[in-house]
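Containing compact mmCIF, C-alpha atoms and all ligand atoms: structure-v4.txt.
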# COMPACT_ATOMS: atom_id res chain seq x y z
CA MET T 146 0.00 0.00 0.00
CA ASN T 147 2.89 2.37 0.80
CA SER T 148 4.23 2.69 -2.74
CA GLU T 149 0.67 3.09 -4.02
CA ILE T 150 0.12 5.94 -1.55
CA GLN T 151 3.33 7.62 -2.73
CA GLN T 152 2.10 7.24 -6.31
CA LEU T 153 -1.29 8.70 -5.39
CA LYS T 154 0.43 11.61 -3.62
CA SER T 155 2.42 12.37 -6.75
CA PHE T 156 -0.70 12.13 -8.96
CA LEU T 157 -2.48 14.54 -6.60
CA GLN T 158 0.44 16.98 -6.51
CA GLU T 159 0.45 17.22 -10.29
CA ALA T 160 -3.33 17.42 -10.73
CA GLY T 161 -5.45 20.54 -11.15
CA SER T 162 -8.76 18.85 -11.77
CA ALA T 163 -10.40 15.45 -11.62
CA VAL T 164 -13.49 13.55 -12.68
CA ILE T 165 -15.04 11.11 -10.20
CA VAL T 166 -17.30 8.31 -11.42
CA SER T 167 -19.15 5.36 -9.93
CA HIS T 168 -21.45 2.53 -10.98
CA GLU T 169 -24.91 2.35 -12.54
CA ASN T 170 -27.84 2.34 -10.16
CA PRO T 171 -25.75 4.23 -7.60
CA ASP T 172 -26.12 3.13 -3.98
CA GLY T 173 -25.18 4.81 -0.71
CA ASP T 174 -21.57 3.67 -0.96
CA ALA T 175 -21.18 4.96 -4.53
CA ILE T 176 -22.78 8.34 -3.77
CA GLY T 177 -21.16 8.76 -0.35
CA SER T 178 -17.63 7.96 -1.54
CA ALA T 179 -17.98 10.22 -4.59
CA ILE T 180 -19.24 13.18 -2.55
CA ALA T 181 -16.59 12.67 0.14
CA LEU T 182 -13.74 12.39 -2.35
CA ALA T 183 -14.87 15.50 -4.27
CA ARG T 184 -14.93 17.53 -1.03
CA MET T 185 -11.53 16.25 0.12
CA LEU T 186 -9.93 16.94 -3.28
CA LYS T 187 -11.08 20.53 -2.92
CA GLU T 188 -9.05 20.71 0.29
CA LEU T 189 -6.05 19.78 -1.87
CA ASN T 190 -6.95 22.54 -4.38
CA ILE T 191 -8.12 20.02 -6.95
CA GLU T 192 -11.39 20.90 -8.65
CA SER T 193 -13.50 17.86 -9.40
CA LYS T 194 -16.80 16.89 -10.92
CA VAL T 195 -18.82 13.81 -9.99
CA TRP T 196 -20.47 12.01 -12.90
CA LEU T 197 -22.84 9.14 -12.29
CA PRO T 198 -24.42 7.01 -15.04
CA GLY T 199 -27.93 7.84 -13.83
CA ARG T 200 -30.04 9.31 -11.03
CA PHE T 201 -30.09 7.83 -7.55
CA PRO T 202 -33.04 7.23 -5.20
CA ALA T 203 -34.74 10.17 -3.49
CA TYR T 204 -33.72 8.94 -0.02
CA TYR T 205 -30.10 10.02 -0.71
CA ARG T 206 -30.95 13.49 -2.02
CA TRP T 207 -30.62 15.18 1.40
CA MET T 208 -26.87 14.56 1.30
CA SER T 209 -24.78 17.70 1.19
CA GLY T 210 -23.06 17.88 -2.21
CA SER T 211 -25.60 15.68 -3.98
CA ASP T 212 -26.93 18.69 -5.95
CA ASP T 213 -23.54 19.14 -7.61
CA ILE T 214 -23.57 15.67 -9.18
CA SER T 215 -23.99 15.35 -12.96
CA TYR T 216 -25.83 12.50 -14.65
CA TYR T 217 -24.72 10.92 -17.90
CA SER T 218 -28.27 9.74 -18.61
CA GLU T 219 -29.40 13.38 -18.77
CA ASN T 220 -26.39 15.18 -20.15
CA LYS T 221 -23.96 13.32 -22.38
CA ASN T 222 -22.09 16.38 -23.63
CA ASP T 223 -20.48 18.16 -20.68
CA ILE T 224 -18.66 15.06 -19.50
CA VAL T 225 -16.54 15.13 -22.67
CA ASP T 226 -15.25 18.61 -21.76
CA HIS T 227 -14.77 17.69 -18.12
CA LEU T 228 -12.74 14.64 -19.11
CA LYS T 229 -10.68 16.69 -21.57
CA ASN T 230 -9.76 19.17 -18.85
CA ALA T 231 -9.15 16.63 -16.09
CA ASP T 232 -5.79 15.21 -15.08
CA LEU T 233 -7.21 12.41 -12.99
CA LEU T 234 -10.13 10.01 -13.24
CA PHE T 235 -11.26 8.35 -10.01
CA ALA T 236 -13.49 5.29 -10.31
CA LEU T 237 -15.17 4.38 -7.03
CA ASP T 238 -17.03 1.28 -5.82
CA LEU T 239 -16.76 -0.63 -9.09
CA SER T 240 -14.56 -3.50 -10.21
CA SER T 241 -14.55 -2.64 -13.89
CA VAL T 242 -15.31 0.44 -16.01
CA SER T 243 -18.06 -1.57 -17.70
CA ARG T 244 -20.07 -1.14 -14.47
CA THR T 245 -20.65 2.49 -15.55
CA GLY T 246 -22.87 1.16 -18.36
CA LYS T 247 -23.17 3.38 -21.43
CA MET T 248 -20.88 5.97 -19.82
CA SER T 249 -17.95 3.53 -20.18
CA GLU T 250 -17.47 4.29 -23.88
CA THR T 251 -17.00 8.01 -23.15
CA LEU T 252 -14.61 7.22 -20.28
CA SER T 253 -12.49 5.09 -22.60
CA HIS T 254 -11.28 8.27 -24.36
CA PHE T 255 -9.85 9.75 -21.16
CA GLN T 256 -6.15 10.64 -21.58
CA GLY T 257 -5.02 11.20 -17.97
CA LYS T 258 -4.27 8.91 -15.03
CA ARG T 259 -6.93 6.52 -13.78
CA VAL T 260 -7.29 5.55 -10.13
CA LEU T 261 -9.59 2.83 -8.79
CA ILE T 262 -10.79 2.73 -5.17
CA ASP T 263 -12.95 -0.35 -4.61
CA HIS T 264 -13.87 -3.37 -2.48
CA HIS T 265 -15.37 -5.79 -5.05
CA ILE T 266 -13.92 -9.18 -6.00
CA ASN T 267 -11.66 -9.31 -9.11
CA PRO T 268 -10.98 -5.65 -9.92
CA SER T 269 -9.79 -4.95 -13.50
CA TYR T 270 -6.18 -3.94 -12.80
CA ASP T 271 -5.52 -3.46 -16.55
CA GLU T 272 -7.98 -0.60 -16.80
CA PHE T 273 -6.24 1.60 -14.21
CA ASP T 274 -2.86 3.20 -13.50
CA LEU T 275 -3.34 2.82 -9.77
CA VAL T 276 -5.62 0.42 -7.90
CA PHE T 277 -6.66 0.56 -4.24
CA SER T 278 -8.59 -2.66 -3.76
CA ASP T 279 -9.47 -4.29 -0.47
CA ILE T 280 -12.23 -6.89 -0.47
CA THR T 281 -12.08 -7.20 3.32
CA VAL T 282 -13.34 -3.70 4.13
CA SER T 283 -17.02 -2.99 4.73
CA SER T 284 -17.33 -0.48 1.92
CA THR T 285 -15.56 1.84 -0.49
CA CYS T 286 -16.32 4.63 1.98
CA GLU T 287 -14.32 2.84 4.67
CA LEU T 288 -11.44 2.24 2.26
CA LEU T 289 -11.52 5.91 1.26
CA PHE T 290 -11.36 6.89 4.94
CA HIS T 291 -8.16 4.83 5.32
CA LEU T 292 -6.66 6.44 2.21
CA LEU T 293 -7.47 9.94 3.50
CA ASP T 294 -5.78 8.93 6.75
CA LEU T 295 -2.68 7.68 4.92
CA LEU T 296 -2.61 10.90 2.89
CA GLY T 297 -2.62 12.81 6.18
CA ILE T 298 -5.73 14.87 5.36
CA LEU T 299 -8.25 13.43 7.84
CA PRO T 300 -8.00 16.57 10.04
CA LYS T 301 -9.55 18.50 7.15
CA MET T 302 -12.63 16.28 7.16
CA THR T 303 -15.86 18.22 7.73
CA LYS T 304 -19.11 16.95 9.20
CA GLU T 305 -20.56 16.79 5.67
CA VAL T 306 -17.74 14.55 4.45
CA ALA T 307 -18.06 12.36 7.54
CA GLU T 308 -21.81 12.02 6.87
CA ALA T 309 -21.19 10.98 3.28
CA LEU T 310 -18.71 8.31 4.42
CA TYR T 311 -21.08 7.13 7.14
CA VAL T 312 -23.90 6.66 4.59
CA GLY T 313 -21.68 4.31 2.56
CA ILE T 314 -20.62 2.26 5.59
CA MET T 315 -24.15 2.06 6.97
CA THR T 316 -25.80 1.04 3.68
CA ASP T 317 -23.08 -1.41 2.55
CA THR T 318 -23.25 -3.23 5.90
CA GLY T 319 -27.07 -3.33 5.94
CA SER T 320 -27.00 -1.06 9.02
CA PHE T 321 -24.17 -3.06 10.58
CA SER T 322 -25.60 -6.51 9.95
CA PHE T 323 -23.07 -7.91 7.42
CA ASN T 324 -19.44 -7.24 6.38
CA CYS T 325 -19.01 -5.57 9.73
CA ASN T 326 -17.01 -8.01 11.87
CA SER T 327 -13.82 -5.96 11.90
CA PRO T 328 -13.22 -3.71 14.91
CA VAL T 329 -11.54 -1.29 12.49
CA THR T 330 -14.93 -0.47 10.94
CA TYR T 331 -16.13 0.72 14.36
CA GLU T 332 -12.95 2.75 14.89
CA VAL T 333 -13.70 4.50 11.61
CA VAL T 334 -17.33 5.01 12.64
CA ALA T 335 -16.22 6.39 16.02
CA HIS T 336 -14.07 8.92 14.22
CA LEU T 337 -17.01 9.90 11.99
CA VAL T 338 -19.33 10.28 14.99
CA LYS T 339 -16.72 12.43 16.73
CA THR T 340 -16.68 14.61 13.60
CA GLY T 341 -20.37 15.32 14.12
CA VAL T 342 -22.25 12.49 12.40
CA SER T 343 -25.55 11.51 14.02
CA PRO T 344 -26.16 7.83 13.21
CA ASP T 345 -29.77 8.14 14.45
CA ARG T 346 -30.52 10.96 12.06
CA ILE T 347 -28.82 9.39 9.07
CA HIS T 348 -30.59 6.07 9.59
CA LYS T 349 -33.93 7.90 9.64
CA MET T 350 -33.10 9.97 6.55
CA VAL T 351 -32.20 6.87 4.51
CA TYR T 352 -34.58 4.23 5.86
CA ASP T 353 -37.56 6.07 7.35
CA ASN T 354 -38.27 8.34 4.41
CA ASN T 355 -40.35 5.94 2.33
CA HIS T 356 -43.40 6.96 0.40
CA GLU T 357 -46.46 4.80 0.99
CA ASN T 358 -46.29 3.15 -2.45
CA ARG T 359 -42.88 1.69 -1.68
CA ILE T 360 -44.05 -0.12 1.43
CA ARG T 361 -47.16 -1.41 -0.38
CA LEU T 362 -44.93 -2.65 -3.21
CA LEU T 363 -42.85 -4.50 -0.61
CA GLY T 364 -46.03 -6.13 0.69
CA TYR T 365 -47.01 -7.19 -2.83
CA ALA T 366 -43.50 -8.52 -3.54
CA LEU T 367 -43.45 -10.58 -0.35
CA GLN T 368 -46.85 -12.09 -1.19
CA LYS T 369 -45.52 -13.05 -4.59
CA MET T 370 -42.24 -14.50 -3.29
CA LYS T 371 -41.52 -18.08 -4.28
CA VAL T 372 -39.82 -20.36 -1.77
CA LEU T 373 -37.99 -23.49 -2.90
CA PRO T 374 -37.26 -25.35 0.36
CA GLN T 375 -35.42 -28.21 -1.39
CA HIS T 376 -32.87 -25.68 -2.67
CA HIS T 377 -32.88 -23.42 0.41
CA THR T 378 -33.73 -20.64 -2.03
CA ALA T 379 -36.33 -17.89 -2.22
CA TYR T 380 -36.87 -15.43 -5.04
CA ILE T 381 -39.09 -12.56 -6.11
CA SER T 382 -39.70 -11.11 -9.55
CA LEU T 383 -41.42 -7.85 -10.44
CA ASP T 384 -42.08 -7.02 -14.08
CA LYS T 385 -42.53 -3.59 -15.63
CA ALA T 386 -46.34 -3.65 -15.40
CA GLU T 387 -46.24 -4.58 -11.70
CA LEU T 388 -43.79 -1.77 -10.92
CA LYS T 389 -45.89 0.70 -12.89
CA LYS T 390 -49.10 -0.36 -11.20
CA ALA T 391 -47.45 0.14 -7.80
CA GLY T 392 -46.40 3.67 -8.80
CA SER T 393 -42.82 2.73 -8.02
CA GLN T 394 -39.87 5.09 -8.23
CA PRO T 395 -36.16 4.33 -8.76
CA GLY T 396 -34.70 2.73 -5.67
CA ASP T 397 -38.02 1.36 -4.42
CA THR T 398 -36.95 -2.25 -4.97
CA GLU T 399 -33.59 -1.89 -3.18
CA GLY T 400 -33.43 -4.23 -0.24
CA ILE T 401 -36.46 -6.38 -1.13
CA VAL T 402 -34.11 -9.31 -1.78
CA ASN T 403 -32.94 -9.20 1.85
CA PHE T 404 -36.41 -10.12 3.09
CA ALA T 405 -36.28 -13.31 1.04
CA LEU T 406 -32.88 -14.11 2.53
CA SER T 407 -34.10 -13.48 6.07
CA ILE T 408 -36.21 -16.65 6.07
CA LYS T 409 -34.94 -19.50 8.22
CA ASN T 410 -33.21 -22.23 6.18
CA ILE T 411 -32.96 -19.99 3.13
CA VAL T 412 -29.34 -19.45 2.08
CA LEU T 413 -29.81 -18.08 -1.45
CA ALA T 414 -32.15 -15.25 -2.45
CA ALA T 415 -32.72 -13.59 -5.79
CA PHE T 416 -34.67 -10.60 -7.03
CA PHE T 417 -35.54 -10.13 -10.71
CA SER T 418 -36.74 -6.88 -12.27
CA VAL T 419 -36.61 -5.04 -15.58
CA ARG T 420 -34.19 -2.18 -16.05
CA GLU T 421 -33.45 -0.38 -19.31
CA GLY T 422 -34.63 -3.20 -21.51
CA GLU T 423 -32.79 -6.00 -19.77
CA ILE T 424 -33.44 -8.18 -16.78
CA LYS T 425 -31.49 -7.14 -13.73
CA VAL T 426 -30.92 -9.73 -11.02
CA SER T 427 -29.79 -9.22 -7.43
CA PHE T 428 -28.39 -12.15 -5.49
CA ARG T 429 -27.77 -12.50 -1.76
CA SER T 430 -26.52 -15.47 0.22
CA LYS T 431 -25.75 -16.57 3.75
CA GLY T 432 -22.57 -18.36 4.81
CA ASN T 433 -20.27 -20.04 2.33
CA PHE T 434 -22.30 -19.92 -0.86
CA SER T 435 -20.62 -17.48 -3.25
CA VAL T 436 -23.16 -15.43 -5.20
CA ASN T 437 -20.21 -13.65 -6.80
CA ASP T 438 -19.28 -16.94 -8.51
CA PHE T 439 -22.92 -17.76 -9.23
CA ALA T 440 -23.64 -14.33 -10.81
CA ARG T 441 -20.40 -14.42 -12.80
CA LYS T 442 -21.02 -17.91 -14.14
CA HIS T 443 -24.71 -17.67 -15.00
CA PHE T 444 -25.79 -14.03 -15.16
CA ASN T 445 -22.85 -12.10 -16.62
CA GLY T 446 -22.30 -10.30 -13.33
CA GLY T 447 -20.36 -10.36 -10.07
CA GLY T 448 -19.95 -8.35 -6.89
CA HIS T 449 -19.17 -9.62 -3.42
CA TYR T 450 -19.16 -13.12 -1.90
CA ASN T 451 -22.61 -12.75 -0.27
CA ALA T 452 -24.09 -9.90 -2.39
CA ALA T 453 -23.86 -9.78 -6.14
CA GLY T 454 -25.80 -8.82 -9.22
CA GLY T 455 -26.06 -9.65 -12.88
CA SER T 456 -28.21 -9.32 -15.95
CA PHE T 457 -30.06 -11.45 -18.47
CA SER T 458 -31.23 -10.80 -22.05
CA GLY T 459 -34.75 -12.05 -22.54
CA THR T 460 -38.00 -11.90 -20.65
CA ILE T 461 -38.30 -11.95 -16.89
CA GLU T 462 -40.07 -15.34 -17.14
CA GLU T 463 -37.09 -16.72 -19.08
CA ALA T 464 -34.67 -15.35 -16.49
CA VAL T 465 -36.61 -17.00 -13.66
CA LYS T 466 -36.85 -20.27 -15.59
CA ARG T 467 -33.11 -20.23 -16.21
CA PHE T 468 -32.47 -19.58 -12.50
CA GLU T 469 -34.73 -22.46 -11.42
CA SER T 470 -33.12 -24.79 -13.96
CA ILE T 471 -29.61 -24.07 -12.62
CA LEU T 472 -30.46 -24.70 -8.96
CA PRO T 473 -30.33 -28.53 -9.10
CA GLU T 474 -26.60 -28.22 -9.93
CA TYR T 475 -26.15 -26.57 -6.54
CA VAL T 476 -28.47 -28.76 -4.48
CA HIS T 477 -25.65 -30.31 -2.41
CA GLU T 478 -23.73 -27.06 -1.99
CA LEU T 479 -26.86 -25.22 -0.82
CA ALA T 480 -27.81 -28.01 1.59
CA ALA T 481 -24.28 -28.14 3.02
CA CYS T 482 -24.28 -24.36 3.42
CA ASN T 483 -27.58 -24.48 5.29
CA GLU T 484 -26.35 -27.37 7.44
CA GLN T 485 -23.31 -25.39 8.48
CA LEU T 486 -25.44 -22.43 9.50
CA SER T 487 -28.01 -24.30 11.51
P1 LIG T 501 -27.33 -5.04 -6.05
O1 LIG T 501 -27.96 -6.38 -6.05
O2 LIG T 501 -27.57 -4.30 -4.77
O3 LIG T 501 -27.63 -4.24 -7.28
O4 LIG T 501 -25.77 -5.28 -6.12
C1 LIG T 501 -25.10 -6.10 -5.19
C2 LIG T 501 -23.62 -6.05 -5.45
O5 LIG T 501 -23.32 -6.62 -6.72
C3 LIG T 501 -23.07 -4.63 -5.52
O6 LIG T 501 -21.81 -4.62 -4.89
C4 LIG T 501 -22.94 -4.34 -6.98
O7 LIG T 501 -21.90 -3.45 -7.23
C5 LIG T 501 -22.71 -5.71 -7.59
N1 LIG T 501 -23.38 -5.82 -8.89
C6 LIG T 501 -24.69 -5.57 -9.14
N2 LIG T 501 -24.98 -5.78 -10.44
C7 LIG T 501 -23.83 -6.17 -11.03
C8 LIG T 501 -23.47 -6.52 -12.38
O8 LIG T 501 -24.30 -6.52 -13.29
N3 LIG T 501 -22.17 -6.87 -12.59
C9 LIG T 501 -21.23 -6.88 -11.59
N4 LIG T 501 -19.99 -7.24 -11.89
N5 LIG T 501 -21.54 -6.55 -10.32
C10 LIG T 501 -22.80 -6.20 -10.03
MN MN T 502 -19.82 -0.72 -2.05
Full structure transcribed into structure tokens:
Amino acid sequence: MNSEIQQLKSFLQEAGSAVIVSHENPDGDAIGSAIALARMLKELNIESKVWLPGRFPAYYRWMSGSDDISYYSENKNDIVDHLKNADLLFALDLSSVSRTGKMSETLSHFQGKRVLIDHHINPSYDEFDLVFSDITVSSTCELLFHLLDLLGILPKMTKEVAEALYVGIMTDTGSFSFNCNSPVTYEVVAHLVKTGVSPDRIHKMVYDNNHENRIRLLGYALQKMKVLPQHHTAYISLDKAELKKAGSQPGDTEGIVNFALSIKNIVLAAFFSVREGEIKVSFRSKGNFSVNDFARKHFNGGGHYNAAGGSFSGTIEEAVKRFESILPEYVHELAACNEQLS
């Protein structure tokens, strides 16, 4: 890490401006790390612009700095100029540039240095000049905190930056229910709280700000859930018409998959929905069943060991059928995983 930090220091010393990007369907970790990095770069006299592939859910819009974010889905032109003028490109919370979706083509023309800060399995080292990858940390926000510490600029951290980092740690650990066994995570959180973060308030802002339709959609989804006890699996699918009928908004389906996983003796959960013409699948698992491997092998995706995603070309019914047809291959692995947990 030391030589990488020296390299990052020299990149930062030579840079006047930067572009910061993160993945499609941005989550709390993507948004939080991007906002925090942009603010901290300013402390180093580096102007930066955050570009995300598309809009994020309303329950993150209270975050300070979120109004300054630009969206590729709404404005494909300005990013070209920003990239032309930037010396550095930071990619956060993604393992490969392809995770920025359609924005990846535009990013491929970038001429300056590329830096990755991420915690997913199998980062694409070839795509970057400098990679900070740690799959053992809770979140990209936690990893960014450690980098800011190593750069010696933590004392410049404001309450707003600390809040942004806290959002990423809280959401990527499911409010401290997974990927949170390291005492270091709590040392980081303690520092953030000392900087003025109110965990009570942030939890309420993110999780207790739902519109009624979202909770009713959750009820509908749970009614529809299919449980396959022989495969210790539960899944839910929601097609376009169902989402429309529920009056759903972007982000409304986040977290539904966790309810399926919360059932006793269920070790694999999946959630299928339609996004931009393709089927998007979320996978979650308990214990030693790798949904990263599963998503990579069967759904052109990846992610973390117990939380991954992927996609499928075809109808939602075909995606579900494919999923069900694969499960018998894993019958012993799923049973053994459940056995170990019980
Ligand atoms: P979610 O199910 O919440 O969308 O994503 C769970 C995890 O899997 C996240 O860490 C996310 O970055 C990753 N992920 C989601 N979709 C994809 C995908 O299509 N490809 C890859 N490689 N990772 C994904
Ligand atoms: Mn993350």
Practice item. Output the neighbourhood of ligand MN 502 (chain T) as a VMD selection string, that is, all protein and nucleic acid residues with some atom at most 10 Å from the ligand, counting all atoms listed in the file. Key: chain T and resid 167 to 168 171 to 178 237 to 239 263 to 265 280 282 to 288 313 to 314 316 to 318 448 to 449
Box for region 365-384 of chain T - axis-aligned, 5 Å on each of the six sides, all listed atoms - centre and size in Å to one decimal, as lines of an AutoDock Vina configuration file.
center_x = -39.9
center_y = -17.6
center_z = -6.8
size_x = 24.1
size_y = 31.2
size_z = 24.5
Exercise for review: Please measure the separation of CA of Tyr365 (chain T) and CA of Ile411 (chain T), giving the value in Å to one decimal.
Suggested key: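 If I compute the distance from CA of Tyr365 (chain T) to CA of Ile411 (chain T), I get 19.9 Å.
Across the model, the gap from CA of Ile408 (chain T) to CA of Gly392 (chain T) is 27.2 Å.
Shortest separation to ligand LIG 501 (chain T) among T:Met248, T:Val242, T:Met185, T:Val164 occurs at residue T:Val242, atoms counted being only C-alpha atoms and all ligand atoms.
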Check your understanding: Within 9 Å of ligand LIG 501 (chain T), counting only C-alpha atoms and all ligand atoms, which protein or nucleic acid residues do you find, written as a ChimeraX atom specification?
Key -> /T:168-172,175,238-241,243-244,264-266,317,399-400,402,415-416,425-429,436-437,440-441,444-449,451-456
Exercise for review: Mind checking which residues fall within 10 Å of Asp397 (chain T), counting all atoms listed in the file, ignoring those fewer than 2 positions away in the same chain, and posting them as number ranges by chain?
Suggested key: T: 202-204, 355-356, 358-360, 362-363, 388, 392-395, 399-401
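Among T:Tyr205, T:Leu367, T:Asp279, T:Leu299, the residue with the shortest atom-to-atom distance to Asp353 (chain T), counting all atoms listed in the file, is T:Tyr205.
The shortest atom-to-atom distance to Ser320 (chain T), with only C-alpha atoms taken into account, belongs to T:His348 out of T:His291, T:His348, T:His376, T:His336.
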Exercise for review: Could you give me, as a list in words, the residues within 8 Å of Val476 (chain T), counting only C-alpha atoms and dropping anything in the same chain fewer than 3 positions from it?
Suggested key: Gln375, His376, Leu472, Pro473, Leu479 and Ala480 of chain T
**Study point:** From T:Leu189, T:Val412, T:Leu252, T:Leu228, residue lying nearest Ser487 (chain T) [only C-alpha atoms]
**Key:**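 Smallest separation from Ser487 (chain T) among the options: T:Val412.
Pairwise distance (CA of Phe235 (chain T), CA of Phe323 (chain T)) equals 26.6 Å.
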Practice item. Could you tell me which of T:Arg361, T:Asp226, T:Ile461, T:Ser155 comes closest to Lys390 (chain T) if we count only C-alpha atoms? Key: T:Arg361
Review point. Leaving out Lys187 (chain T) and any residue of its chain fewer than 3 positions from it, which residues lie within 12 Å of it when counting only C-alpha atoms, given as an MDAnalysis selection string?
Key: chainID T and resid 157 160:163 180:184 190:194 298 301:303 306
Practice item. Have a look at T:Asn222, T:Gly246, T:Asp213, T:Leu234 and name the one nearest to Val276 (chain T); count only C-alpha atoms. Key: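 Closest to Val276 (chain T), using only C-alpha atoms: T:Leu234.
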Exercise for review: Considering all atoms listed in the file, return as a list in words whatever protein or nucleic-acid residues lie within 12 Å of Lys304 (chain T), sequence-local ones (same chain, fewer than 3 positions apart) excluded.
Suggested key: Ala181, Arg184, Met185, Met208, Ser209, Leu299, Pro300, Lys301, Ala307, Glu308, Ala309, Leu310, Tyr311, His336, Leu337, Val338, Lys339, Thr340, Gly341, Val342 and Ser343 of chain T
Find the residues with any atom within 10 Å of (-9.6, 0.3, 8.8); use all atoms listed in the file and the coordinates as given in the file, and write the answer as a JSON list (two decimals) with C-alpha atoms, in the frame of the given file.
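part-v2.json written:
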[["chain", "number", "residue", "atom", "x", "y", "z"],
["T", 281, "THR", "CA", -12.08, -7.20, 3.32],
["T", 282, "VAL", "CA", -13.34, -3.70, 4.13],
["T", 283, "SER", "CA", -17.02, -2.99, 4.73],
["T", 287, "GLU", "CA", -14.32, 2.84, 4.67],
["T", 288, "LEU", "CA", -11.44, 2.24, 2.26],
["T", 289, "LEU", "CA", -11.52, 5.91, 1.26],
["T", 290, "PHE", "CA", -11.36, 6.89, 4.94],
["T", 291, "HIS", "CA", -8.16, 4.83, 5.32],
["T", 292, "LEU", "CA", -6.66, 6.44, 2.21],
["T", 294, "ASP", "CA", -5.78, 8.93, 6.75],
["T", 327, "SER", "CA", -13.82, -5.96, 11.90],
["T", 328, "PRO", "CA", -13.22, -3.71, 14.91],
["T", 329, "VAL", "CA", -11.54, -1.29, 12.49],
["T", 330, "THR", "CA", -14.93, -0.47, 10.94],
["T", 331, "TYR", "CA", -16.13, 0.72, 14.36],
["T", 332, "GLU", "CA", -12.95, 2.75, 14.89],
["T", 333, "VAL", "CA", -13.70, 4.50, 11.61],
["T", 334, "VAL", "CA", -17.33, 5.01, 12.64]]
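Here the selection is built from all atoms listed in the file, and the residues within 10 Å of (-44.1, -11.1, -2.0) turn out to be Leu362, Leu363, Gly364, Tyr365, Ala366, Leu367, Gln368, Lys369, Met370, Lys371, Tyr380, Ile381, Ser382, Leu383, Ile401, Phe404 and Ala405 of chain T.
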Have region 304-308 of chain T completed to all heavy atoms, please, and pass it along as a short mmCIF file (atom, residue, chain, number, x, y, z; two decimals), in the coordinates of the input.
data_model
loop_
_atom_site.label_atom_id
_atom_site.label_comp_id
_atom_site.auth_asym_id
_atom_site.auth_seq_id
_atom_site.Cartn_x
_atom_site.Cartn_y
_atom_site.Cartn_z
N LYS T 304 -17.95 17.76 8.83
CA LYS T 304 -19.11 16.95 9.20
C LYS T 304 -19.80 16.40 7.94
O LYS T 304 -20.25 15.25 7.91
CB LYS T 304 -20.08 17.81 10.01
CG LYS T 304 -21.32 17.09 10.43
CD LYS T 304 -22.27 18.03 11.15
CE LYS T 304 -23.66 17.43 11.19
NZ LYS T 304 -24.70 18.40 11.41
N GLU T 305 -19.88 17.22 6.89
CA GLU T 305 -20.56 16.79 5.67
C GLU T 305 -19.84 15.60 5.02
O GLU T 305 -20.47 14.67 4.54
CB GLU T 305 -20.67 17.95 4.66
CG GLU T 305 -21.71 18.99 5.01
CD GLU T 305 -21.34 19.84 6.21
OE1 GLU T 305 -20.12 20.03 6.45
OE2 GLU T 305 -22.27 20.30 6.92
N VAL T 306 -18.52 15.66 5.02
CA VAL T 306 -17.74 14.55 4.45
C VAL T 306 -17.93 13.30 5.32
O VAL T 306 -18.14 12.19 4.81
CB VAL T 306 -16.23 14.92 4.35
CG1 VAL T 306 -15.40 13.69 3.97
CG2 VAL T 306 -16.03 16.04 3.33
N ALA T 307 -17.89 13.50 6.63
CA ALA T 307 -18.06 12.36 7.54
C ALA T 307 -19.44 11.73 7.34
O ALA T 307 -19.58 10.50 7.36
CB ALA T 307 -17.89 12.83 8.99
N GLU T 308 -20.45 12.55 7.11
CA GLU T 308 -21.81 12.02 6.87
C GLU T 308 -21.85 11.19 5.59
O GLU T 308 -22.46 10.12 5.55
CB GLU T 308 -22.83 13.17 6.75
CG GLU T 308 -23.20 13.75 8.09
CD GLU T 308 -24.35 14.75 8.01
OE1 GLU T 308 -24.62 15.29 6.92
OE2 GLU T 308 -24.97 15.00 9.06
#
